[in-house]
file protein.cif (mmCIF, C-alpha atoms and all ligand atoms)
data_work
loop_
_atom_site.group_PDB
_atom_site.id
_atom_site.type_symbol
_atom_site.label_atom_id
_atom_site.label_comp_id
_atom_site.auth_asym_id
_atom_site.auth_seq_id
_atom_site.Cartn_x
_atom_site.Cartn_y
_atom_site.Cartn_z
ATOM 1 C CA MET A 1 79.342 -171.979 118.175
ATOM 2 C CA GLY A 2 82.790 -172.734 119.546
ATOM 3 C CA LEU A 3 84.004 -171.759 122.991
ATOM 4 C CA SER A 4 84.418 -168.128 124.013
ATOM 5 C CA THR A 5 87.851 -166.845 124.980
ATOM 6 C CA GLY A 6 86.963 -167.114 128.674
ATOM 7 C CA GLU A 7 85.728 -170.652 128.169
ATOM 8 C CA TRP A 8 88.975 -171.551 126.442
ATOM 9 C CA ARG A 9 90.970 -170.193 129.379
ATOM 10 C CA LEU A 10 88.872 -172.340 131.656
ATOM 11 C CA PHE A 11 89.042 -175.413 129.428
ATOM 12 C CA LEU A 12 92.835 -175.287 129.194
ATOM 13 C CA LEU A 13 92.910 -175.392 133.007
ATOM 14 C CA SER A 14 90.368 -178.214 133.250
ATOM 15 C CA ASP A 15 90.812 -181.944 133.633
ATOM 16 C CA CYS A 16 88.387 -182.781 130.807
ATOM 17 C CA ILE A 17 90.907 -181.555 128.229
ATOM 18 C CA LYS A 18 92.317 -185.083 128.413
ATOM 19 C CA TYR A 19 89.337 -186.269 126.375
ATOM 20 C CA TYR A 20 90.337 -184.041 123.457
ATOM 21 C CA PRO A 21 93.754 -185.354 122.377
ATOM 22 C CA GLU A 22 94.155 -182.978 119.428
ATOM 23 C CA VAL A 23 93.569 -179.865 121.521
ATOM 24 C CA ARG A 24 95.684 -181.317 124.265
ATOM 25 C CA LYS A 25 98.588 -181.903 121.953
ATOM 26 C CA TYR A 26 98.296 -178.542 120.206
ATOM 27 C CA THR A 27 98.214 -176.645 123.515
ATOM 28 C CA GLU A 28 100.798 -178.698 125.381
ATOM 29 C CA LYS A 29 103.490 -176.041 125.368
ATOM 30 C CA LEU A 30 101.074 -173.342 126.459
ATOM 31 C CA ARG A 31 99.700 -175.466 129.282
ATOM 32 C CA MET A 32 103.223 -176.333 130.438
ATOM 33 C CA ALA A 33 103.948 -172.604 130.647
ATOM 34 C CA GLY A 34 101.387 -172.382 133.437
ATOM 35 C CA LYS A 35 98.254 -170.577 134.521
ATOM 36 C CA SER A 36 99.289 -167.015 133.728
ATOM 37 C CA ALA A 37 100.285 -167.966 130.181
ATOM 38 C CA ILE A 38 96.938 -169.695 129.670
ATOM 39 C CA LEU A 39 94.972 -166.752 131.033
ATOM 40 C CA ALA A 40 96.817 -164.446 128.626
ATOM 41 C CA ILE A 41 95.295 -165.997 125.484
ATOM 42 C CA ASN A 42 93.225 -163.562 123.391
ATOM 43 C CA ASN A 43 90.259 -163.725 121.011
ATOM 44 C CA LYS A 44 92.499 -164.556 118.099
ATOM 45 C CA ASP A 45 93.962 -167.536 119.947
ATOM 46 C CA ALA A 46 90.462 -168.687 120.856
ATOM 47 C CA ALA A 47 89.359 -168.485 117.204
ATOM 48 C CA GLU A 48 92.353 -170.596 116.240
ATOM 49 C CA LEU A 49 91.616 -173.156 118.944
ATOM 50 C CA ASN A 50 87.982 -173.395 117.894
ATOM 51 C CA GLU A 51 89.189 -175.003 114.670
ATOM 52 C CA PHE A 52 89.964 -178.090 116.720
ATOM 53 C CA ILE A 53 86.489 -178.692 118.114
ATOM 54 C CA SER A 54 82.978 -179.119 116.776
ATOM 55 C CA ASP A 55 79.846 -177.411 118.106
ATOM 56 C CA GLU A 56 78.943 -180.707 119.727
ATOM 57 C CA ASP A 57 82.339 -180.817 121.437
ATOM 58 C CA ALA A 58 81.818 -177.272 122.726
ATOM 59 C CA LYS A 59 78.510 -178.300 124.320
ATOM 60 C CA ARG A 60 80.062 -181.323 125.954
ATOM 61 C CA ILE A 61 83.044 -179.317 127.178
ATOM 62 C CA ARG A 62 80.784 -176.696 128.779
ATOM 63 C CA LYS A 63 78.889 -179.422 130.563
ATOM 64 C CA SER A 64 82.044 -181.113 131.880
ATOM 65 C CA MET A 65 83.515 -177.807 132.993
ATOM 66 C CA ARG A 66 80.433 -176.935 135.011
ATOM 67 C CA LYS A 67 80.971 -180.163 136.935
ATOM 68 C CA GLU A 68 84.635 -179.411 137.589
ATOM 69 C CA TRP A 69 84.520 -175.774 138.672
ATOM 70 C CA LYS A 70 83.011 -174.563 141.920
ATOM 71 C CA PHE A 71 82.762 -171.272 143.745
ATOM 72 C CA THR A 72 84.596 -171.733 147.050
ATOM 73 C CA GLY A 73 82.417 -169.283 148.986
ATOM 74 C CA LYS A 74 85.527 -167.216 149.646
ATOM 75 C CA VAL A 75 85.999 -163.584 148.718
ATOM 76 C CA VAL A 76 89.237 -161.638 148.940
ATOM 77 C CA ASP A 77 89.286 -157.847 149.214
ATOM 78 C CA ASN A 78 92.103 -156.102 147.347
ATOM 79 C CA GLY A 79 91.483 -153.013 149.455
ATOM 80 C CA LYS A 80 90.092 -149.580 148.763
ATOM 81 C CA ARG A 81 90.758 -148.366 145.209
ATOM 82 C CA LYS A 82 92.949 -151.403 144.555
ATOM 83 C CA TYR A 83 91.949 -153.378 141.521
ATOM 84 C CA THR A 84 93.053 -156.507 139.762
ATOM 85 C CA ILE A 85 91.762 -158.052 136.541
ATOM 86 C CA CYS A 86 89.255 -160.899 136.507
ATOM 87 C CA ASP A 87 91.018 -164.130 135.505
ATOM 88 C CA TYR A 88 88.165 -165.329 133.307
ATOM 89 C CA CYS A 89 87.274 -162.351 131.123
ATOM 90 C CA GLN A 90 90.616 -160.509 131.528
ATOM 91 C CA ARG A 91 88.598 -157.295 131.230
ATOM 92 C CA GLN A 92 86.711 -156.505 134.393
ATOM 93 C CA LYS A 93 88.658 -154.606 137.056
ATOM 94 C CA ILE A 94 87.781 -156.034 140.421
ATOM 95 C CA ARG A 95 88.285 -154.997 144.008
ATOM 96 C CA TYR A 96 86.580 -158.125 145.350
ATOM 97 C CA LYS A 97 87.992 -161.384 144.073
ATOM 98 C CA TYR A 98 85.615 -164.345 144.183
ATOM 99 C CA LEU A 99 87.638 -167.532 144.399
ATOM 100 C CA CYS A 100 86.685 -170.474 142.219
ATOM 101 C CA VAL A 101 88.493 -173.791 142.161
ATOM 102 C CA ASN A 102 88.646 -176.811 139.903
ATOM 103 C CA ASN A 103 87.829 -179.753 142.131
ATOM 104 C CA ILE A 104 89.973 -182.168 140.075
ATOM 105 C CA THR A 105 93.070 -180.203 139.105
ATOM 106 C CA GLY A 106 93.028 -177.922 142.170
ATOM 107 C CA VAL A 107 93.636 -174.843 140.012
ATOM 108 C CA TRP A 108 92.021 -171.711 141.445
ATOM 109 C CA LEU A 109 90.919 -168.449 139.851
ATOM 110 C CA GLU A 110 90.116 -164.956 141.070
ATOM 111 C CA LEU A 111 86.978 -163.705 139.405
ATOM 112 C CA GLY A 112 84.530 -160.849 139.272
ATOM 113 C CA SER A 113 80.989 -161.658 140.373
ATOM 114 C CA VAL A 114 79.502 -161.963 136.865
ATOM 115 C CA CYS A 115 82.217 -164.369 135.777
ATOM 116 C CA VAL A 116 81.541 -166.620 138.766
ATOM 117 C CA GLY A 117 78.113 -167.035 137.159
ATOM 118 C CA ASN A 118 79.731 -167.649 133.784
ATOM 119 C CA ILE A 119 81.726 -170.471 135.299
ATOM 120 C CA ILE A 120 79.141 -172.210 137.417
ATOM 121 C CA HIS A 121 75.998 -171.596 135.339
ATOM 122 C CA GLY A 122 77.505 -170.978 131.889
ATOM 123 C CA GLU A 123 77.698 -167.829 129.776
ATOM 124 C CA GLU A 124 74.391 -168.563 128.038
ATOM 125 C CA LYS A 125 72.438 -168.568 131.264
ATOM 126 C CA MET A 126 74.140 -165.379 132.459
ATOM 127 C CA LYS A 127 72.891 -163.543 129.348
ATOM 128 C CA ASP A 128 69.460 -163.650 130.993
ATOM 129 C CA ALA A 129 69.528 -160.191 132.581
ATOM 130 C CA ASP A 130 67.138 -161.034 135.447
ATOM 131 C CA PHE A 131 68.926 -164.223 136.360
ATOM 132 C CA SER A 132 72.310 -162.547 136.110
ATOM 133 C CA SER A 133 71.469 -159.519 138.267
ATOM 134 C CA LYS A 134 69.853 -161.738 140.920
ATOM 135 C CA PHE A 135 72.924 -163.972 140.923
ATOM 136 C CA VAL A 136 75.335 -161.066 141.224
ATOM 137 C CA GLU A 137 73.264 -159.443 143.945
ATOM 138 C CA ASP A 138 73.259 -162.639 146.017
ATOM 139 C CA LEU A 139 76.948 -163.165 145.528
ATOM 140 C CA GLU A 140 77.863 -159.632 146.468
ATOM 141 C CA GLN A 141 76.289 -160.163 149.864
ATOM 142 C CA LEU A 142 79.511 -161.996 150.653
ATOM 143 C CA LYS A 143 81.589 -158.829 150.357
ATOM 144 C CA GLY A 144 81.054 -158.220 154.056
ATOM 145 C CA LYS A 145 82.890 -161.444 154.825
ATOM 146 C CA ALA A 146 85.783 -160.727 152.473
ATOM 147 C CA GLU A 147 89.222 -161.800 153.629
ATOM 148 C CA LYS A 148 92.500 -160.013 153.195
ATOM 149 C CA ASP A 149 94.552 -162.909 151.840
ATOM 150 C CA ASN A 150 93.884 -165.544 149.255
ATOM 151 C CA PRO A 151 94.082 -168.828 151.178
ATOM 152 C CA PHE A 152 95.133 -170.638 147.994
ATOM 153 C CA GLU A 153 98.184 -168.505 147.470
ATOM 154 C CA ILE A 154 101.166 -170.285 148.931
ATOM 155 C CA ASP A 155 103.383 -168.129 151.072
ATOM 156 C CA HIS A 156 106.718 -169.507 149.882
ATOM 157 C CA LYS A 157 108.740 -167.400 152.253
ATOM 158 C CA ALA A 158 106.999 -168.810 155.321
ATOM 159 C CA ARG A 159 107.127 -172.345 153.952
ATOM 160 C CA ARG A 160 110.833 -172.090 153.194
ATOM 161 C CA GLU A 161 111.401 -170.987 156.743
ATOM 162 C CA GLN A 162 109.563 -174.099 157.969
ATOM 163 C CA GLN A 163 111.308 -176.432 155.539
ATOM 164 C CA LYS A 164 114.905 -175.265 155.547
ATOM 165 C CA ASP A 165 116.133 -177.184 158.627
ATOM 166 C CA ILE A 166 114.737 -180.550 157.664
ATOM 167 C CA ILE A 167 116.023 -180.159 154.100
ATOM 168 C CA ARG A 168 119.501 -179.262 155.307
ATOM 169 C CA VAL A 169 119.587 -182.203 157.709
ATOM 170 C CA CYS A 170 118.439 -184.666 155.045
ATOM 171 C CA VAL A 171 120.780 -183.466 152.302
ATOM 172 C CA GLN A 172 123.802 -183.308 154.581
ATOM 173 C CA TRP A 173 123.056 -186.719 156.020
ATOM 174 C CA LEU A 174 122.911 -188.230 152.544
ATOM 175 C CA ARG A 175 126.149 -186.558 151.496
ATOM 176 C CA SER A 176 128.060 -187.548 154.605
ATOM 177 C CA ASN A 177 126.955 -191.129 154.111
ATOM 178 C CA GLY A 178 128.398 -191.361 150.656
ATOM 179 C CA TYR A 179 125.318 -190.577 148.566
ATOM 180 C CA LYS A 180 126.238 -188.270 145.751
ATOM 181 C CA ASP A 181 123.733 -185.683 144.541
ATOM 182 C CA ASP A 182 121.482 -187.317 141.959
ATOM 183 C CA ASP A 183 118.924 -185.826 139.554
ATOM 184 C CA PHE A 184 116.327 -185.702 142.307
ATOM 185 C CA ILE A 185 118.537 -183.746 144.711
ATOM 186 C CA ARG A 186 119.636 -181.482 141.880
ATOM 187 C CA SER A 187 116.006 -180.733 140.988
ATOM 188 C CA LEU A 188 115.347 -179.785 144.610
ATOM 189 C CA HIS A 189 118.335 -177.440 144.523
ATOM 190 C CA LYS A 190 117.084 -175.812 141.366
ATOM 191 C CA ARG A 191 113.639 -175.190 142.827
ATOM 192 C CA TRP A 192 115.024 -173.950 146.126
ATOM 193 C CA ASN A 193 117.488 -171.591 144.479
ATOM 194 C CA SER A 194 114.708 -170.042 142.409
ATOM 195 C CA GLY A 195 113.144 -168.833 145.653
ATOM 196 C CA LEU A 196 110.309 -171.351 145.889
ATOM 197 C CA SER A 197 109.510 -173.725 148.721
ATOM 198 C CA LEU A 198 109.442 -177.459 148.029
ATOM 199 C CA THR A 199 106.093 -179.079 147.295
ATOM 200 C CA ASP A 200 104.727 -181.474 149.922
ATOM 201 C CA ARG A 201 105.459 -184.315 147.542
ATOM 202 C CA GLN A 202 109.086 -183.315 147.076
ATOM 203 C CA LEU A 203 109.649 -182.964 150.793
ATOM 204 C CA GLU A 204 108.078 -186.365 151.436
ATOM 205 C CA ALA A 205 110.249 -187.959 148.737
ATOM 206 C CA LEU A 206 113.372 -186.466 150.286
ATOM 207 C CA LYS A 207 112.502 -187.860 153.712
ATOM 208 C CA GLU A 208 111.708 -191.223 152.179
ATOM 209 C CA LYS A 209 115.075 -191.259 150.432
ATOM 210 C CA CYS A 210 116.776 -190.758 153.803
ATOM 211 C CA ARG A 211 114.653 -193.404 155.478
ATOM 212 C CA ARG A 212 115.583 -195.942 152.824
ATOM 213 C CA ALA A 213 119.263 -195.019 152.975
ATOM 214 C CA LYS A 214 119.211 -195.350 156.744
ATOM 215 C CA LYS A 215 117.681 -198.791 156.524
ATOM 216 C CA ARG A 216 120.451 -199.817 154.190
ATOM 217 C CA MET A 217 122.978 -198.434 156.660
ATOM 218 C CA GLU A 218 121.474 -200.469 159.444
ATOM 219 C CA ARG A 219 122.274 -203.564 157.496
ATOM 220 C CA ARG A 220 125.875 -202.719 158.134
ATOM 221 C CA GLU A 221 125.501 -204.692 161.319
ATOM 222 C CA GLN A 222 125.526 -207.706 159.104
ATOM 223 C CA PHE A 223 129.184 -207.230 158.205
ATOM 224 C CA LYS A 224 130.871 -210.552 158.072
ATOM 225 C CA SER A 225 134.045 -209.293 159.741
ATOM 226 C CA LEU A 226 135.759 -206.326 161.333
ATOM 227 C CA GLU A 227 137.767 -206.089 158.136
ATOM 228 C CA ALA A 228 134.570 -205.672 156.107
ATOM 229 C CA GLU A 229 133.429 -202.911 158.412
ATOM 230 C CA MET A 230 136.743 -201.108 158.006
ATOM 231 C CA GLN A 231 136.534 -201.536 154.261
ATOM 232 C CA TYR A 232 133.121 -199.930 154.421
ATOM 233 C CA GLN A 233 134.443 -196.896 156.323
ATOM 234 C CA LYS A 234 137.221 -196.540 153.811
ATOM 235 C CA VAL A 235 134.794 -196.707 150.893
ATOM 236 C CA LEU A 236 132.604 -194.004 152.462
ATOM 237 C CA LEU A 237 135.636 -191.764 152.914
ATOM 238 C CA LYS A 238 136.746 -192.352 149.347
ATOM 239 C CA LEU A 239 133.250 -191.555 148.112
ATOM 240 C CA GLN A 240 133.278 -188.250 149.946
ATOM 241 C CA GLU A 241 136.368 -187.273 147.967
ATOM 242 C CA ASP A 242 135.191 -188.783 144.723
ATOM 243 C CA PRO A 243 131.417 -189.329 144.799
ATOM 244 C CA SER A 244 131.076 -190.494 141.207
ATOM 245 C CA ASN A 245 133.759 -193.200 141.392
ATOM 246 C CA GLN A 246 132.008 -196.315 140.188
ATOM 247 C CA PHE A 247 134.392 -198.747 141.831
ATOM 248 C CA TYR A 248 133.807 -197.309 145.300
ATOM 249 C CA GLN A 249 130.093 -197.164 144.632
ATOM 250 C CA SER A 250 129.994 -200.834 143.751
ATOM 251 C CA CYS A 251 132.094 -201.691 146.840
ATOM 252 C CA LYS A 252 129.608 -199.796 148.972
ATOM 253 C CA LEU A 253 126.642 -201.628 147.455
ATOM 254 C CA ARG A 254 128.367 -204.983 147.722
ATOM 255 C CA LEU A 255 129.202 -204.453 151.422
ATOM 256 C CA GLU A 256 125.671 -203.277 152.170
ATOM 257 C CA ARG A 257 124.113 -206.200 150.428
ATOM 258 C CA TYR A 258 126.422 -209.087 151.265
ATOM 259 C CA GLY A 259 128.409 -207.898 154.264
ATOM 260 C CA GLU A 260 131.734 -208.492 152.537
ATOM 261 C CA LEU A 261 133.623 -207.769 149.357
ATOM 262 C CA THR A 262 134.648 -210.291 146.761
ATOM 263 C CA PRO A 263 138.368 -211.178 147.117
ATOM 264 C CA LYS A 264 139.054 -209.324 143.877
ATOM 265 C CA MET A 265 137.340 -206.170 145.121
ATOM 266 C CA ALA A 266 139.107 -206.400 148.497
ATOM 267 C CA LYS A 267 142.469 -206.529 146.736
ATOM 268 C CA ALA A 268 141.582 -203.627 144.477
ATOM 269 C CA LEU A 269 140.515 -201.591 147.479
ATOM 270 C CA VAL A 270 143.939 -201.818 149.116
ATOM 271 C CA GLY A 271 145.491 -200.861 145.813
ATOM 272 C CA GLU A 272 146.946 -204.226 144.864
ATOM 273 C CA ARG A 273 145.392 -203.767 141.492
ATOM 274 C CA GLU A 274 144.421 -200.663 139.614
ATOM 275 C CA CYS A 275 140.842 -199.592 140.298
ATOM 276 C CA VAL A 276 138.402 -200.509 137.606
ATOM 277 C CA ARG A 277 136.482 -197.391 136.729
HETATM 278 ZN ZN ZN B 301 85.298 -161.489 134.495
#
call {"tool": "encode", "arguments": {"input": "protein.cif", "output": "structure tokens"}}
result
Amino acid sequence: MGLSTGEWRLFLLSDCIKYYPEVRKYTEKLRMAGKSAILAINNKDAAELNEFISDEDAKRIRKSMRKEWKFTGKVVDNGKRKYTICDYCQRQKIRYKYLCVNNITGVWLELGSVCVGNIIHGEEKMKDADFSSKFVEDLEQLKGKAEKDNPFEIDHKARREQQKDIIRVCVQWLRSNGYKDDDFIRSLHKRWNSGLSLTDRQLEALKEKCRRAKKRMERREQFKSLEAEMQYQKVLLKLQEDPSNQFYQSCKLRLERYGELTPKMAKALVGERECVR
């Protein structure tokens, strides 16, 4: 027997999929589309996917998944007469959402009580009516401690508020010091403009970029002469007007690295020769 539709949803969000290259390749586009796309697969999709694995594979996958997924102990209350759909079965309407998380990928799911059992004990075990009702009964004791908000859900609005000043300072500092927007900065813009906050990793990378640029700036003290320092100021000004000009970029690098320009570059900078682009 292959995996059930719920098990496929779970598997596509698990780390152990990396051990099944054929499935991984076949589902790459779907997985790139994100969690909600994965959860939307139906029985027909599952039947199709089962063509890629053997019964032995299915057993192994179930075992690996049980190691990866844990119930967090947290319950979120939608509120009176407010229901959402269980992420695993996509059938059960739930007021109380039991939060499960994959301890490798960090993906979290909001489940009904029975499906928590399906995830941590397996569907087979949950078919045992006595075991299942005992499990659900125990779990539902937690309803009293239900929280209002899902702690895994990132509040982008609040995070953007926290991040906006430091981002503005970093980006403006880079620009005013002659660094043109590169692919990295452009990707940050794209994310920001779509209403999201930056990830911790992106924010760290931005700060690191500034730190490195600043270090390079500090080397300016090594200018061989006042003339070199003035050349540097001129290059920065020129780069503000024309950030992609390769000649000015190479002057900037040369001055930062060696403290002076080559005689040829110095001449070109004062316009004695046409700029090499
Ligand atoms: Zn369910």
call {"tool": "resolve_selection", "arguments": {"input": "protein.cif", "expression": "the PyMOL selection byres (((not hetatm)) within 10 of (chain B and resi 301))", "output": "CSV table (one decimal) with C-alpha atoms, keeping the file's coordinate frame"}}
result
chain,number,residue,atom,x,y,z
A,6,GLY,CA,87.0,-167.1,128.7
A,85,ILE,CA,91.8,-158.1,136.5
A,86,CYS,CA,89.3,-160.9,136.5
A,87,ASP,CA,91.0,-164.1,135.5
A,88,TYR,CA,88.2,-165.3,133.3
A,89,CYS,CA,87.3,-162.4,131.1
A,90,GLN,CA,90.6,-160.5,131.5
A,91,ARG,CA,88.6,-157.3,131.2
A,92,GLN,CA,86.7,-156.5,134.4
A,93,LYS,CA,88.7,-154.6,137.1
A,94,ILE,CA,87.8,-156.0,140.4
A,97,LYS,CA,88.0,-161.4,144.1
A,110,GLU,CA,90.1,-165.0,141.1
A,111,LEU,CA,87.0,-163.7,139.4
A,112,GLY,CA,84.5,-160.8,139.3
A,113,SER,CA,81.0,-161.7,140.4
A,114,VAL,CA,79.5,-162.0,136.9
A,115,CYS,CA,82.2,-164.4,135.8
A,116,VAL,CA,81.5,-166.6,138.8
A,117,GLY,CA,78.1,-167.0,137.2
A,118,ASN,CA,79.7,-167.6,133.8
A,119,ILE,CA,81.7,-170.5,135.3
call {"tool": "residues_around", "arguments": {"input": "protein.cif", "residues": "region 9-22 of chain A", "least_positions_apart": "4", "cutoff": "10 Å", "atoms": "all atoms listed in the file", "output": "VMD selection string"}}
result
chain A and resid 3 to 5 26 to 28 30 to 31 34 to 42 46 52 to 53 57 60 to 62 64 to 65 67 to 69 87 to 90 102 to 109 119
call {"tool": "atom_distance", "arguments": {"input": "protein.cif", "atom1": "CA of Asp128 (chain A)", "atom2": "CA of Thr84 (chain A)"}}
result
26.2 Å
call {"tool": "axis_aligned_box", "arguments": {"input": "protein.cif", "around": "region 126-136 of chain A", "padding_each_side": "6 Å", "output": "lines of an AutoDock Vina configuration file"}}
result
center_x = 71.2
center_y = -162.4
center_z = 135.3
size_x = 20.2
size_y = 17.9
size_z = 23.9
call {"tool": "atom_distance", "arguments": {"input": "protein.cif", "atom1": "CA of Cys170 (chain A)", "atom2": "CA of Cys210 (chain A)"}}
result
6.4 Å
call {"tool": "resolve_selection", "arguments": {"input": "protein.cif", "expression": "the PyMOL selection byres (((chain A and resi 241-252) around 9) and not hetatm)", "output": "count of residues only"}}
result
27
call {"tool": "atom_distance", "arguments": {"input": "protein.cif", "atom1": "CA of Lys157 (chain A)", "atom2": "CA of Arg95 (chain A)"}}
result
25.3 Å
call {"tool": "residues_around", "arguments": {"input": "protein.cif", "residues": "region 198-203 of chain A", "least_positions_apart": "2", "cutoff": "10 Å", "atoms": "all atoms listed in the file", "output": "ChimeraX atom specification"}}
result
/A:156,159-160,163-164,166-167,170,184-185,187-189,191-192,195-196,205-209
call {"tool": "decode", "arguments": {"input": "protein.cif", "residues": "region 23-85 of chain A", "atoms": "C-alpha atoms", "output": "PDB file, in the first residue's frame"}}
result
ATOM      1  CA  VAL A  23       9.831  11.865  -6.195  1.00  0.00           C
ATOM      2  CA  ARG A  24      11.886  14.889  -5.331  1.00  0.00           C
ATOM      3  CA  LYS A  25      12.461  15.745  -8.944  1.00  0.00           C
ATOM      4  CA  TYR A  26       8.875  15.083 -10.010  1.00  0.00           C
ATOM      5  CA  THR A  27       7.469  17.276  -7.224  1.00  0.00           C
ATOM      6  CA  GLU A  28      10.043  20.056  -7.371  1.00  0.00           C
ATOM      7  CA  LYS A  29       7.731  22.650  -8.865  1.00  0.00           C
ATOM      8  CA  LEU A  30       4.959  21.839  -6.422  1.00  0.00           C
ATOM      9  CA  ARG A  31       7.293  22.022  -3.441  1.00  0.00           C
ATOM     10  CA  MET A  32       8.706  25.340  -4.662  1.00  0.00           C
ATOM     11  CA  ALA A  33       5.151  26.688  -4.753  1.00  0.00           C
ATOM     12  CA  GLY A  34       5.038  26.319  -0.979  1.00  0.00           C
ATOM     13  CA  LYS A  35       3.064  24.779   1.846  1.00  0.00           C
ATOM     14  CA  SER A  36      -0.435  25.762   0.760  1.00  0.00           C
ATOM     15  CA  ALA A  37       0.111  24.320  -2.719  1.00  0.00           C
ATOM     16  CA  ILE A  38       1.362  21.063  -1.209  1.00  0.00           C
ATOM     17  CA  LEU A  39      -1.560  20.811   1.195  1.00  0.00           C
ATOM     18  CA  ALA A  40      -3.961  21.277  -1.726  1.00  0.00           C
ATOM     19  CA  ILE A  41      -3.053  17.967  -3.403  1.00  0.00           C
ATOM     20  CA  ASN A  42      -5.977  15.529  -3.728  1.00  0.00           C
ATOM     21  CA  ASN A  43      -6.488  11.761  -3.868  1.00  0.00           C
ATOM     22  CA  LYS A  44      -5.831  11.697  -7.577  1.00  0.00           C
ATOM     23  CA  ASP A  45      -2.474  13.414  -7.111  1.00  0.00           C
ATOM     24  CA  ALA A  46      -1.607  10.964  -4.346  1.00  0.00           C
ATOM     25  CA  ALA A  47      -2.447   7.996  -6.600  1.00  0.00           C
ATOM     26  CA  GLU A  48      -0.170   9.443  -9.260  1.00  0.00           C
ATOM     27  CA  LEU A  49       2.648   9.986  -6.776  1.00  0.00           C
ATOM     28  CA  ASN A  50       2.325   6.448  -5.455  1.00  0.00           C
ATOM     29  CA  GLU A  51       3.585   5.246  -8.832  1.00  0.00           C
ATOM     30  CA  PHE A  52       6.999   6.517  -7.800  1.00  0.00           C
ATOM     31  CA  ILE A  53       7.397   4.465  -4.635  1.00  0.00           C
ATOM     32  CA  SER A  54       7.232   0.824  -3.628  1.00  0.00           C
ATOM     33  CA  ASP A  55       5.389  -0.589  -0.611  1.00  0.00           C
ATOM     34  CA  GLU A  56       8.758  -0.937   1.072  1.00  0.00           C
ATOM     35  CA  ASP A  57       9.491   2.735   0.405  1.00  0.00           C
ATOM     36  CA  ALA A  58       6.129   3.691   1.914  1.00  0.00           C
ATOM     37  CA  LYS A  59       6.993   1.815   5.119  1.00  0.00           C
ATOM     38  CA  ARG A  60      10.373   3.470   5.358  1.00  0.00           C
ATOM     39  CA  ILE A  61       8.909   6.901   4.649  1.00  0.00           C
ATOM     40  CA  ARG A  62       6.304   6.498   7.404  1.00  0.00           C
ATOM     41  CA  LYS A  63       9.024   5.556   9.837  1.00  0.00           C
ATOM     42  CA  SER A  64      11.229   8.532   8.926  1.00  0.00           C
ATOM     43  CA  MET A  65       8.300  10.926   9.092  1.00  0.00           C
ATOM     44  CA  ARG A  66       7.382   9.808  12.591  1.00  0.00           C
ATOM     45  CA  LYS A  67      10.890  10.791  13.657  1.00  0.00           C
ATOM     46  CA  GLU A  68      10.655  14.212  12.027  1.00  0.00           C
ATOM     47  CA  TRP A  69       7.219  15.387  13.133  1.00  0.00           C
ATOM     48  CA  LYS A  70       6.318  16.293  16.691  1.00  0.00           C
ATOM     49  CA  PHE A  71       3.312  17.733  18.455  1.00  0.00           C
ATOM     50  CA  THR A  72       4.440  21.034  19.982  1.00  0.00           C
ATOM     51  CA  GLY A  73       2.060  20.860  22.949  1.00  0.00           C
ATOM     52  CA  LYS A  74       0.470  24.074  21.715  1.00  0.00           C
ATOM     53  CA  VAL A  75      -3.180  24.543  20.862  1.00  0.00           C
ATOM     54  CA  VAL A  76      -4.699  27.583  19.195  1.00  0.00           C
ATOM     55  CA  ASP A  77      -8.383  28.444  19.563  1.00  0.00           C
ATOM     56  CA  ASN A  78     -10.047  29.897  16.467  1.00  0.00           C
ATOM     57  CA  GLY A  79     -12.855  31.173  18.669  1.00  0.00           C
ATOM     58  CA  LYS A  80     -16.487  30.266  19.108  1.00  0.00           C
ATOM     59  CA  ARG A  81     -18.109  28.936  15.922  1.00  0.00           C
ATOM     60  CA  LYS A  82     -14.969  29.763  13.947  1.00  0.00           C
ATOM     61  CA  TYR A  83     -13.568  26.857  12.024  1.00  0.00           C
ATOM     62  CA  THR A  84     -10.616  26.163   9.809  1.00  0.00           C
ATOM     63  CA  ILE A  85      -9.698  22.992   7.930  1.00  0.00           C
TER      64      ILE A  85
END
